[in-house]
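Taking it in order: structure first as structure tokens, then the write-up.
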Amino acid sequence: MAIITVDQQLDIAGKICPYTLIETREALKTLKQGQVLEVLVDFEPAAMVTIPNFCAKRGYPFQTFVNDGVGWRIRIERTD
């Protein structure tokens, strides 16, 4: 599934866990069902493990992209 439309962007570059997850979770709380959050992150454990695990547990579809060689963009759709 391709998530194309982004409703809100969160830049957490320069932050580490657990702050990356805390800020992502809080930003998702402000969205309505079906809206998409794009997270800009440069901390590999958050981009590859922490945030994807959170999305999987919540049942949120997500996609991870390399962000021009400087971190990652994670698009998360809120489904609840």
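Just so we're on the same page: first chain in the structure tokens is A, next is B, and so on; residues restart at 1 for each chain, and ligands are numbered from 1 in the order they show up.
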
Identify, on the basis of only C-alpha atoms, every residue whose closest approach to Thr50 in chain A does not exceed 12 Å; exclude the query and any residue fewer than 2 positions from it along the same chain; express the result as a PyMOL selection string. chain A and resi 16-22+24-25+41+43-48+52-57+74

Mind pulling up the distance from CA of Ile76 in chain A to CA of Ala27 in chain A? 10.7 Å

Take CA of Val70 in chain A and CA of Gln35 in chain A and report the distance between them in Å, one decimal. 25.3 Å

Excluding Trp72 in chain A and residues on its chain fewer than 6 positions from it, collect all residues at most 6 Å away from it, counting only C-alpha atoms, and give them as a list in words.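 Contacts, in chain order: Leu40, Val41, Phe65 and Val66 of chain A.
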
Write out as an MDAnalysis selection string the set of residues from range 32-65 of chain A that DSSP, computed on the backbone, places in strand (DSSP E). chainID A and resid 36:41 62:65

Write to file, as an mmCIF file, in the first residue's frame, the residues of the selection just made, with C-alpha atoms.
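Result file selection03.cif:
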data_model
loop_
_atom_site.group_PDB
_atom_site.id
_atom_site.type_symbol
_atom_site.label_atom_id
_atom_site.label_comp_id
_atom_site.auth_asym_id
_atom_site.auth_seq_id
_atom_site.Cartn_x
_atom_site.Cartn_y
_atom_site.Cartn_z
ATOM 1 C CA VAL A 36 -1.039 10.310 7.850
ATOM 2 C CA LEU A 37 1.918 11.482 9.926
ATOM 3 C CA GLU A 38 5.332 11.766 8.298
ATOM 4 C CA VAL A 39 8.190 11.445 10.801
ATOM 5 C CA LEU A 40 11.680 12.696 9.919
ATOM 6 C CA VAL A 41 14.217 10.799 12.015
ATOM 7 C CA PHE A 62 3.585 2.528 7.743
ATOM 8 C CA GLN A 63 6.266 2.999 5.114
ATOM 9 C CA THR A 64 9.915 3.855 5.677
ATOM 10 C CA PHE A 65 11.989 5.765 3.103
#

Run DSSP on the backbone and grab whatever in chain A lands in helix (DSSP H, G or I); send it over as a VMD selection string. chain A and resid 19 to 29 44 to 58

Length of the CA of Glu26 in chain A to CA of Arg78 in chain A vector [Å]: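 CA of Arg78 in chain A lies at a distance of 12.0 Å from CA of Glu26 in chain A.
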
Nearest-residue call for Gly59 in chain A, choices A:Asp80, A:Leu31, A:Ile4, A:Glu23, using only C-alpha atoms: A:Asp80
